[in-house]
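Enquirer: First, the structure itself, so that you have it in front of you.
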Number of protein chains: 2
Amino acid sequence: MTDTGNQHPRTDTVASVVRQWHAVHPSLDTGPMEVIGRINRCAALLQQAEDAPLRRAGLSRAEFDLLGALRRTGHELTPGELARETFSSGAAVTKRVKQLTERGLVERRGDTRDRRVSHLRLTDAGRDLVDGILPEQLAYEEAVLSVLAPAGQEELSGLLAGLLDGLEGRLGALRG
Amino acid sequence: MTDTGNQHPRTDTVASVVRQWHAVHPSLDTGPMEVIGRINRCAALLQQAEDAPLRRAGLSRAEFDLLGALRRTGHELTPGELARETFSSGAAVTKRVKQLTERGLVERRGDTRDRRVSHLRLTDAGRDLVDGILPEQLAYEEAVLSVLAPAGQEELSGLLAGLLDGLEGRLGALRG
DNA sequence: AACAGGTATTTCACCAGTAAAAGATTTGTC
DNA sequence: GACAAATCTTTTACTGGTGAAATACCTGTT
């Protein structure tokens, strides 16, 4: 229970952007901006912050995501599966895998039945790297998030899960 | 009140990632991942969705942000101020301004006292474009967010404001 | 008035990502 | 069994962004 007070005198940048819009277009419903603008801004700031511990290990976030996908699934993945798993294009996966293979963190194996596909797995070095970084990374993220009380973090987590669940389910249907 | 049921059978992708990590490293505290992972994923999905109405007007989100900054402040801005206002590099602003000027949406005026700086403002066409798009854009965002009940949206907005307020205040101090 | 140092903006070289085409292989159908 | 369509991956051409150097200008000091 840090005693920083409950009514914030400082206001976040999105709030002041919204205030500016109100001055120009008083009738505008800025509700969506307050949610989406903040999500975007938080994402930008967090990613910048998150990068710090990874960069020390010489990894970009995208590279770490790829290694993490291999680690957490516990089995080999094809490039296509990795692309789906990390939400990026196949081309990006190709590039990253090439680099990570050269660094000795990832290995490939051709499929014997279907020679179009290859199977990717972590090397021992790759697994050790992920296992070494992850706790550090989570501790750092914890520190960054600690501006919010634990209860707030959980509440936030729950609301975002609801939003995300909805978005992932419906998004295709809303092609405006 | 759509009758989709209140306890979600479907689970968001971050939840299943977390479950995978737990299976591999049961002792890991994945709390931070659940918040940050969801923020990032929501940001990615929302930006993809958001792009739709803007693209119809031939604008990228970055370009719209620049025009919006000029519109909402209500006065001219220098390139440097625009960079700060839109959280991007000066180089990026230079490029965008060049394009938008060629399209007749933005005008420049040199400062008479200090010839290093220039002042940028919307043309009439630029202002009309922003004013035309913005309500459409907000309505679209509203539709996208409607997977969350209004009360949930407000709660989310408030929590994010708290997080953002903290992050913007402290972030420099946490250089890991 | 000349120069050092600071500031505003643009240019340059480069990087990571994408979409679409190309390449390679499998699968289904006649 | 051969050809068309589908599938998996890589290559290609390009885009939009960045940091750092370059450019242009101002300001204060001597």
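So you can find residues: chains in the structure tokens are A, B, ... in the order shown, residues in each start at 1, and ligands are numbered from 1 in order.
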With all C-alpha atoms paired in order, what RMSD does the least-squares fit of chain B onto chain A leave?
Expert: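 In short, the RMSD is 0.5 Å.
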Enquirer: Give the residues of chain A that lie within 12 Å of chain C; count only C-alpha atoms (C1' of nucleotides), and format the answer as a VMD selection string.
Expert: chain A and resid 60 to 63 88 to 96 111 113 to 117
Enquirer: Can you write just those residues out, N, CA, C and O atoms, as a short mmCIF file (atom, residue, chain, number, x, y, z; two decimals), in the first residue's frame?
Expert:
data_model
loop_
_atom_site.label_atom_id
_atom_site.label_comp_id
_atom_site.auth_asym_id
_atom_site.auth_seq_id
_atom_site.Cartn_x
_atom_site.Cartn_y
_atom_site.Cartn_z
N SER A 60 15.85 -9.43 -29.88
CA SER A 60 14.70 -8.54 -30.03
C SER A 60 13.48 -9.24 -29.45
O SER A 60 13.49 -10.44 -29.23
N ARG A 61 12.46 -8.48 -29.21
CA ARG A 61 11.23 -9.09 -28.69
C ARG A 61 10.68 -10.12 -29.67
O ARG A 61 10.22 -11.19 -29.28
N ALA A 62 10.75 -9.83 -30.94
CA ALA A 62 10.22 -10.77 -31.92
C ALA A 62 11.01 -12.08 -31.89
O ALA A 62 10.43 -13.17 -31.99
N GLU A 63 12.32 -11.97 -31.74
CA GLU A 63 13.12 -13.19 -31.65
C GLU A 63 12.79 -13.98 -30.39
O GLU A 63 12.66 -15.21 -30.42
N SER A 88 2.90 -13.33 -36.84
CA SER A 88 3.65 -12.55 -37.83
C SER A 88 3.64 -13.29 -39.17
O SER A 88 3.15 -14.40 -39.28
N SER A 89 4.16 -12.64 -40.18
CA SER A 89 4.10 -13.21 -41.51
C SER A 89 5.11 -14.34 -41.65
O SER A 89 6.11 -14.41 -40.93
N GLY A 90 4.86 -15.21 -42.59
CA GLY A 90 5.80 -16.29 -42.87
C GLY A 90 7.18 -15.76 -43.24
O GLY A 90 8.20 -16.31 -42.80
N ALA A 91 7.19 -14.69 -44.03
CA ALA A 91 8.47 -14.13 -44.44
C ALA A 91 9.30 -13.71 -43.23
O ALA A 91 10.51 -13.95 -43.18
N ALA A 92 8.65 -13.10 -42.26
CA ALA A 92 9.37 -12.65 -41.06
C ALA A 92 9.94 -13.85 -40.32
O ALA A 92 11.09 -13.82 -39.84
N VAL A 93 9.17 -14.92 -40.25
CA VAL A 93 9.65 -16.13 -39.57
C VAL A 93 10.87 -16.68 -40.29
O VAL A 93 11.87 -17.04 -39.66
N THR A 94 10.80 -16.74 -41.60
CA THR A 94 11.95 -17.22 -42.37
C THR A 94 13.22 -16.46 -41.99
O THR A 94 14.26 -17.06 -41.71
N LYS A 95 13.11 -15.14 -41.96
CA LYS A 95 14.29 -14.33 -41.64
C LYS A 95 14.80 -14.61 -40.24
O LYS A 95 15.99 -14.80 -40.01
N ARG A 96 13.88 -14.61 -39.29
CA ARG A 96 14.29 -14.80 -37.90
C ARG A 96 14.92 -16.17 -37.70
O ARG A 96 15.93 -16.31 -37.01
N ASP A 111 11.03 -32.73 -42.90
CA ASP A 111 10.03 -33.76 -42.74
C ASP A 111 10.30 -34.86 -43.76
O ASP A 111 10.63 -34.60 -44.90
N ARG A 113 8.16 -37.31 -44.71
CA ARG A 113 6.99 -37.60 -45.55
C ARG A 113 6.72 -36.50 -46.57
O ARG A 113 6.49 -36.76 -47.73
N ASP A 114 6.71 -35.27 -46.08
CA ASP A 114 6.35 -34.12 -46.91
C ASP A 114 7.54 -33.16 -46.97
O ASP A 114 7.81 -32.43 -46.03
N ARG A 115 8.20 -33.19 -48.12
CA ARG A 115 9.46 -32.45 -48.16
C ARG A 115 9.29 -30.94 -48.30
O ARG A 115 10.28 -30.22 -48.41
N ARG A 116 8.05 -30.45 -48.30
CA ARG A 116 7.87 -29.00 -48.29
C ARG A 116 8.10 -28.44 -46.90
O ARG A 116 8.53 -27.31 -46.73
N VAL A 117 7.79 -29.22 -45.90
CA VAL A 117 7.80 -28.67 -44.54
C VAL A 117 9.10 -29.02 -43.82
O VAL A 117 9.74 -30.03 -44.10
#
Enquirer: Neighbours of segment 161-167 of chain A within 8 Å (only C-alpha atoms (C1' of nucleotides); same-chain residues fewer than 2 positions away dropped), as a list in words?
Expert: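 Selected residues are Ser157, Gly158, Leu159, Gly169, Arg170 and Leu171 of chain A; Arg10, Thr11, Asp12, Thr13, Ala15, Arg38, Arg41, Cys42, Leu45, Val144, Leu145, Val147 and Leu148 of chain B.
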Enquirer: What does the distance from atom CA of Arg103 of chain A to atom CA of His75 of chain A come to in Å, to one decimal?
Expert: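 Atom-to-atom, atom CA of Arg103 of chain A to atom CA of His75 of chain A, that is 20.0 Å.
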Enquirer: Using only C-alpha atoms (C1' of nucleotides), I'd like every residue of chain D that has an atom within 12 Å of chain B; please write them out as a count of residues only.
Expert: 10
Enquirer: Can you pull out every residue within 8 Å of Val14 of chain A, counting only C-alpha atoms (C1' of nucleotides), but drop anything in the same chain fewer than 3 positions away, and send it as a VMD selection string?
Expert: chain A and resid 17 to 18 34 37 to 38
Enquirer: Give me, as a list in words, all polymer residues having an atom no more than 10 Å from Glu81 of chain B, counting only C-alpha atoms (C1' of nucleotides) and skipping those fewer than 4 positions away in the same chain.
Expert: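 Selected residues are Ala69, Glu76, Leu77, Glu85, Thr86, Phe87, Gly90, Val93, His119 and Leu120 of chain B.
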Enquirer: Using DSSP assignments from the backbone, pull out every residue in segment 1-172 of chain B that falls under strand (DSSP E or B) and give it to me as a list in words.
Expert: Leu77, Val106, Glu107, Arg108, Arg109, Gly110, Ser118, His119, Leu120, Arg121 and Leu122 of chain B
Enquirer: Can you spit out the residues from that selection as a short mmCIF file (atom, residue, chain, number, x, y, z; two decimals), in the first residue's frame, using C-alpha atoms?
Expert:
data_model
loop_
_atom_site.label_atom_id
_atom_site.label_comp_id
_atom_site.auth_asym_id
_atom_site.auth_seq_id
_atom_site.Cartn_x
_atom_site.Cartn_y
_atom_site.Cartn_z
CA LEU B 77 2.90 23.41 -34.69
CA VAL B 106 -0.87 20.66 -44.73
CA GLU B 107 0.87 23.99 -45.31
CA ARG B 108 4.17 25.33 -44.05
CA ARG B 109 5.18 28.82 -43.14
CA GLY B 110 8.68 29.84 -42.18
CA SER B 118 8.84 26.28 -39.69
CA HIS B 119 5.22 26.31 -38.69
CA LEU B 120 2.76 23.77 -39.98
CA ARG B 121 -0.97 24.09 -40.23
CA LEU B 122 -3.86 22.29 -41.85
#
Enquirer: Could you check how far atom CA of Trp21 of chain A sits from atom CA of Arg72 of chain B, in Å to one decimal?
Expert: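 Answer for the atom CA of Trp21 of chain A to atom CA of Arg72 of chain B separation: 5.1 Å.
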Enquirer: How far is it from atom CA of Met33 of chain B to atom CA of Asp51 of chain B, in Å with one decimal?
Expert: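 For atom CA of Met33 of chain B relative to atom CA of Asp51 of chain B, the distance reads 26.4 Å.
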Enquirer: Find the residues near Gly58 of chain B: any atom within 12 Å, counting only C-alpha atoms (C1' of nucleotides), skip ones fewer than 5 places away on the same chain, and give them as a list in words.
Expert: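 My reading of the contact set: Asp51, Ala52, Pro53, Glu63, Phe64, Gln99, Leu100, Arg103, Leu129, Val130 and Ile133 of chain B.
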Enquirer: Where in chain B does DSSP assign helix (DSSP H, G or I), given as a count of residues only?
Expert: 119
